[in-house]
>>> print(open('work-v6.cif').read())   # mmCIF, N, CA and C atoms
data_target
#
loop_
_atom_site.label_atom_id
_atom_site.label_comp_id
_atom_site.auth_asym_id
_atom_site.auth_seq_id
_atom_site.Cartn_x
_atom_site.Cartn_y
_atom_site.Cartn_z
N MET A 1 145.39 297.78 44.53
CA MET A 1 146.74 297.31 44.76
C MET A 1 146.74 296.33 45.92
N SER A 2 147.54 295.28 45.82
CA SER A 2 147.52 294.22 46.83
C SER A 2 148.04 294.69 48.18
N TYR A 3 148.86 295.73 48.22
CA TYR A 3 149.39 296.19 49.49
C TYR A 3 148.34 296.87 50.36
N ASP A 4 147.21 297.22 49.77
CA ASP A 4 146.16 297.87 50.54
C ASP A 4 145.48 296.91 51.51
N ASN A 5 145.58 295.62 51.27
CA ASN A 5 144.94 294.61 52.11
C ASN A 5 145.94 294.15 53.18
N PRO A 6 145.68 294.42 54.45
CA PRO A 6 146.65 294.09 55.50
C PRO A 6 146.83 292.60 55.76
N ILE A 7 145.97 291.74 55.23
CA ILE A 7 146.15 290.32 55.46
C ILE A 7 147.15 289.69 54.50
N HIS A 8 147.57 290.43 53.49
CA HIS A 8 148.56 289.90 52.56
C HIS A 8 149.92 289.82 53.23
N LYS A 9 150.68 288.79 52.88
CA LYS A 9 152.00 288.62 53.47
C LYS A 9 152.92 289.78 53.14
N ARG A 10 152.83 290.27 51.93
CA ARG A 10 153.74 291.31 51.47
C ARG A 10 153.07 292.67 51.55
N ASP A 11 152.67 293.06 52.76
CA ASP A 11 151.94 294.31 52.90
C ASP A 11 152.87 295.52 53.03
N ILE A 12 154.16 295.32 53.23
CA ILE A 12 155.11 296.43 53.27
C ILE A 12 156.02 296.27 52.05
N PRO A 13 155.88 297.15 51.08
CA PRO A 13 156.69 296.99 49.87
C PRO A 13 158.16 297.28 50.13
N ARG A 14 159.02 296.39 49.66
CA ARG A 14 160.47 296.55 49.76
C ARG A 14 161.06 296.34 48.38
N LYS A 15 162.04 297.12 48.05
CA LYS A 15 162.74 296.94 46.78
C LYS A 15 164.11 296.36 47.09
N VAL A 16 164.41 295.26 46.44
CA VAL A 16 165.67 294.56 46.66
C VAL A 16 166.32 294.33 45.31
N ARG A 17 167.62 294.53 45.24
CA ARG A 17 168.35 294.28 44.00
C ARG A 17 169.36 293.17 44.25
N PHE A 18 169.50 292.30 43.25
CA PHE A 18 170.45 291.19 43.31
C PHE A 18 171.40 291.27 42.14
N ASN A 19 172.59 290.74 42.31
CA ASN A 19 173.48 290.65 41.16
C ASN A 19 172.96 289.51 40.27
N ALA A 20 173.53 289.36 39.10
CA ALA A 20 173.01 288.41 38.12
C ALA A 20 173.00 286.97 38.64
N VAL A 21 174.04 286.58 39.35
CA VAL A 21 174.14 285.20 39.85
C VAL A 21 173.06 284.93 40.90
N LEU A 22 172.93 285.82 41.87
CA LEU A 22 171.92 285.62 42.91
C LEU A 22 170.51 285.67 42.33
N ASP A 23 170.29 286.53 41.36
CA ASP A 23 168.98 286.60 40.73
C ASP A 23 168.65 285.30 40.00
N ARG A 24 169.63 284.73 39.34
CA ARG A 24 169.42 283.46 38.64
C ARG A 24 169.12 282.34 39.64
N ILE A 25 169.84 282.32 40.76
CA ILE A 25 169.59 281.31 41.79
C ILE A 25 168.18 281.46 42.35
N LEU A 26 167.80 282.69 42.67
CA LEU A 26 166.46 282.96 43.20
C LEU A 26 165.39 282.56 42.19
N SER A 27 165.59 282.92 40.95
CA SER A 27 164.61 282.62 39.91
C SER A 27 164.40 281.12 39.76
N ARG A 28 165.50 280.39 39.71
CA ARG A 28 165.39 278.92 39.57
C ARG A 28 164.72 278.29 40.78
N ALA A 29 165.11 278.73 41.97
CA ALA A 29 164.54 278.16 43.19
C ALA A 29 163.05 278.47 43.29
N ALA A 30 162.66 279.69 42.98
CA ALA A 30 161.25 280.06 43.03
C ALA A 30 160.44 279.28 42.00
N ASN A 31 161.00 279.11 40.81
CA ASN A 31 160.30 278.34 39.78
C ASN A 31 160.12 276.89 40.20
N ARG A 32 161.15 276.30 40.79
CA ARG A 32 161.04 274.90 41.26
C ARG A 32 159.98 274.76 42.35
N ALA A 33 159.86 275.79 43.19
CA ALA A 33 158.88 275.76 44.28
C ALA A 33 157.49 276.21 43.81
N HIS A 34 157.38 276.59 42.54
CA HIS A 34 156.12 277.08 41.97
C HIS A 34 155.60 278.28 42.75
N MET A 35 156.51 279.22 43.03
CA MET A 35 156.17 280.44 43.77
C MET A 35 156.70 281.65 43.01
N GLN A 36 156.14 282.82 43.34
CA GLN A 36 156.71 284.06 42.85
C GLN A 36 157.97 284.36 43.66
N HIS A 37 158.86 285.16 43.09
CA HIS A 37 160.13 285.45 43.75
C HIS A 37 159.93 286.02 45.15
N ALA A 38 159.07 287.01 45.29
CA ALA A 38 158.87 287.66 46.59
C ALA A 38 158.30 286.69 47.61
N THR A 39 157.38 285.85 47.19
CA THR A 39 156.81 284.86 48.10
C THR A 39 157.87 283.86 48.53
N TYR A 40 158.70 283.45 47.59
CA TYR A 40 159.78 282.52 47.91
C TYR A 40 160.75 283.13 48.92
N LEU A 41 161.13 284.38 48.70
CA LEU A 41 162.01 285.06 49.65
C LEU A 41 161.37 285.17 51.04
N HIS A 42 160.09 285.47 51.06
CA HIS A 42 159.37 285.57 52.33
C HIS A 42 159.43 284.24 53.07
N GLU A 43 159.17 283.15 52.36
CA GLU A 43 159.20 281.82 52.98
C GLU A 43 160.61 281.48 53.47
N MET A 44 161.63 281.85 52.70
CA MET A 44 163.01 281.58 53.10
C MET A 44 163.38 282.37 54.36
N ILE A 45 162.95 283.61 54.44
CA ILE A 45 163.24 284.42 55.63
C ILE A 45 162.52 283.84 56.85
N GLU A 46 161.27 283.44 56.68
CA GLU A 46 160.55 282.81 57.79
C GLU A 46 161.27 281.55 58.25
N TRP A 47 161.75 280.74 57.31
CA TRP A 47 162.48 279.52 57.64
C TRP A 47 163.75 279.85 58.40
N ALA A 48 164.47 280.88 57.94
CA ALA A 48 165.71 281.27 58.60
C ALA A 48 165.47 281.72 60.03
N VAL A 49 164.40 282.46 60.26
CA VAL A 49 164.07 282.91 61.60
C VAL A 49 163.73 281.72 62.50
N GLU A 50 162.91 280.81 62.00
CA GLU A 50 162.49 279.65 62.78
C GLU A 50 163.65 278.73 63.12
N ASN A 51 164.65 278.65 62.25
CA ASN A 51 165.76 277.73 62.45
C ASN A 51 167.01 278.38 63.02
N GLY A 52 166.90 279.62 63.45
CA GLY A 52 168.00 280.27 64.14
C GLY A 52 169.11 280.79 63.24
N ALA A 53 168.90 280.82 61.94
CA ALA A 53 169.95 281.28 61.03
C ALA A 53 170.27 282.75 61.23
N ILE A 54 169.27 283.56 61.52
CA ILE A 54 169.48 284.99 61.71
C ILE A 54 170.39 285.22 62.92
N GLU A 55 170.10 284.54 64.02
CA GLU A 55 170.91 284.69 65.22
C GLU A 55 172.32 284.15 65.00
N ALA A 56 172.44 283.05 64.28
CA ALA A 56 173.76 282.47 64.01
C ALA A 56 174.62 283.42 63.18
N LEU A 57 174.03 284.06 62.19
CA LEU A 57 174.78 285.02 61.39
C LEU A 57 175.18 286.23 62.22
N SER A 58 174.30 286.69 63.06
CA SER A 58 174.61 287.84 63.92
C SER A 58 175.74 287.48 64.88
N LYS A 59 175.71 286.28 65.43
CA LYS A 59 176.74 285.84 66.35
C LYS A 59 178.08 285.73 65.63
N ASP A 60 178.08 285.18 64.41
CA ASP A 60 179.32 285.05 63.65
C ASP A 60 179.92 286.42 63.35
N GLU A 61 179.10 287.40 63.03
CA GLU A 61 179.60 288.75 62.75
C GLU A 61 180.22 289.37 63.99
N ARG A 62 179.61 289.18 65.14
CA ARG A 62 180.16 289.72 66.39
C ARG A 62 181.48 289.06 66.70
N ASP A 63 181.57 287.74 66.52
CA ASP A 63 182.80 287.00 66.81
C ASP A 63 183.93 287.42 65.89
N SER A 64 183.63 287.58 64.60
CA SER A 64 184.69 287.92 63.65
C SER A 64 185.13 289.38 63.78
N SER A 65 184.24 290.27 64.19
CA SER A 65 184.63 291.67 64.33
C SER A 65 185.45 291.90 65.60
N ALA A 66 185.36 291.00 66.56
CA ALA A 66 186.11 291.15 67.80
C ALA A 66 187.56 290.72 67.61
N ALA A 67 187.84 289.98 66.57
CA ALA A 67 189.20 289.46 66.36
C ALA A 67 190.15 290.51 65.83
#
>>> encode(input="work-v6.cif", output="structure tokens")
Amino acid sequence: MSYDNPIHKRDIPRKVRFNAVLDRILSRAANRAHMQHATYLHEMIEWAVENGAIEALSKDERDSSAA
């Protein structure tokens, strides 16, 4: 099994479910990028971390909950 090798990107198995629309978007985007869905999601999460999207979303949630 690929998870036995610690150098693999996806060494911690996670199960994620999407609704039909999000799954279709993910499928099309991954196909265009010539990647598997999980690899594409991994790359998108890395991009979000590098570009501050995670912090921006967290900040927006704190701001909106204070109102």
>>> atom_distance(input="work-v6.cif", atom1="atom CA of A:Val16", atom2="atom N of A:Leu41")
11.3 Å
>>> atom_distance(input="work-v6.cif", atom1="atom N of A:Ala33", atom2="atom N of A:Ile45")
14.0 Å
>>> atom_distance(input="work-v6.cif", atom1="atom CA of A:Phe18", atom2="atom CA of A:Ala38")
12.5 Å
>>> build_atoms(input="work-v6.cif", residues="stretch 42-53 of chain A", atoms="all heavy atoms", output="short mmCIF file (atom, residue, chain, number, x, y, z; two decimals), in the coordinates of the input")
data_model
loop_
_atom_site.label_atom_id
_atom_site.label_comp_id
_atom_site.auth_asym_id
_atom_site.auth_seq_id
_atom_site.Cartn_x
_atom_site.Cartn_y
_atom_site.Cartn_z
N HIS A 42 160.09 285.47 51.06
CA HIS A 42 159.37 285.57 52.33
C HIS A 42 159.43 284.24 53.07
O HIS A 42 159.72 284.19 54.27
CB HIS A 42 157.93 285.99 52.08
CG HIS A 42 157.13 286.16 53.32
ND1 HIS A 42 156.42 285.14 53.89
CD2 HIS A 42 156.95 287.24 54.12
CE1 HIS A 42 155.84 285.58 54.99
NE2 HIS A 42 156.14 286.86 55.14
N GLU A 43 159.17 283.15 52.36
CA GLU A 43 159.20 281.82 52.98
C GLU A 43 160.61 281.48 53.47
O GLU A 43 160.78 280.90 54.55
CB GLU A 43 158.72 280.76 51.99
CG GLU A 43 157.27 280.93 51.57
CD GLU A 43 156.29 280.66 52.71
OE1 GLU A 43 156.59 279.81 53.57
OE2 GLU A 43 155.24 281.32 52.72
N MET A 44 161.63 281.85 52.70
CA MET A 44 163.01 281.58 53.10
C MET A 44 163.38 282.37 54.36
O MET A 44 164.05 281.84 55.25
CB MET A 44 163.98 281.92 51.96
CG MET A 44 163.90 280.97 50.79
SD MET A 44 164.33 279.27 51.22
CE MET A 44 166.03 279.46 51.68
N ILE A 45 162.95 283.61 54.44
CA ILE A 45 163.24 284.42 55.63
C ILE A 45 162.52 283.84 56.85
O ILE A 45 163.11 283.75 57.93
CB ILE A 45 162.86 285.89 55.39
CG1 ILE A 45 163.80 286.51 54.35
CG2 ILE A 45 162.89 286.69 56.70
CD1 ILE A 45 163.34 287.85 53.83
N GLU A 46 161.27 283.44 56.68
CA GLU A 46 160.55 282.81 57.79
C GLU A 46 161.27 281.55 58.25
O GLU A 46 161.41 281.29 59.45
CB GLU A 46 159.12 282.46 57.38
CG GLU A 46 158.18 283.64 57.38
CD GLU A 46 156.74 283.22 57.11
OE1 GLU A 46 156.51 282.11 56.58
OE2 GLU A 46 155.85 284.02 57.45
N TRP A 47 161.75 280.74 57.31
CA TRP A 47 162.48 279.52 57.64
C TRP A 47 163.75 279.85 58.40
O TRP A 47 164.08 279.20 59.40
CB TRP A 47 162.81 278.74 56.35
CG TRP A 47 163.60 277.51 56.60
CD1 TRP A 47 163.11 276.27 56.89
CD2 TRP A 47 165.02 277.40 56.62
NE1 TRP A 47 164.15 275.40 57.07
CE2 TRP A 47 165.34 276.07 56.92
CE3 TRP A 47 166.05 278.31 56.41
CZ2 TRP A 47 166.65 275.62 57.01
CZ3 TRP A 47 167.37 277.85 56.51
CH2 TRP A 47 167.64 276.53 56.80
N ALA A 48 164.47 280.88 57.94
CA ALA A 48 165.71 281.27 58.60
C ALA A 48 165.47 281.72 60.03
O ALA A 48 166.24 281.40 60.94
CB ALA A 48 166.40 282.37 57.80
N VAL A 49 164.40 282.46 60.26
CA VAL A 49 164.07 282.91 61.60
C VAL A 49 163.73 281.72 62.50
O VAL A 49 164.23 281.60 63.62
CB VAL A 49 162.91 283.93 61.57
CG1 VAL A 49 162.38 284.21 62.96
CG2 VAL A 49 163.36 285.22 60.89
N GLU A 50 162.91 280.81 62.00
CA GLU A 50 162.49 279.65 62.78
C GLU A 50 163.65 278.73 63.12
O GLU A 50 163.66 278.09 64.17
CB GLU A 50 161.43 278.85 62.02
CG GLU A 50 160.10 279.55 61.92
CD GLU A 50 159.11 278.80 61.03
OE1 GLU A 50 159.43 277.68 60.58
OE2 GLU A 50 158.03 279.36 60.79
N ASN A 51 164.65 278.65 62.25
CA ASN A 51 165.76 277.73 62.45
C ASN A 51 167.01 278.38 63.02
O ASN A 51 168.06 277.75 63.08
CB ASN A 51 166.09 277.02 61.13
CG ASN A 51 164.98 276.06 60.76
OD1 ASN A 51 164.82 275.04 61.40
ND2 ASN A 51 164.20 276.41 59.76
N GLY A 52 166.90 279.62 63.45
CA GLY A 52 168.00 280.27 64.14
C GLY A 52 169.11 280.79 63.24
O GLY A 52 170.17 281.16 63.73
N ALA A 53 168.90 280.82 61.94
CA ALA A 53 169.95 281.28 61.03
C ALA A 53 170.27 282.75 61.23
O ALA A 53 171.43 283.16 61.14
CB ALA A 53 169.55 281.02 59.58
#
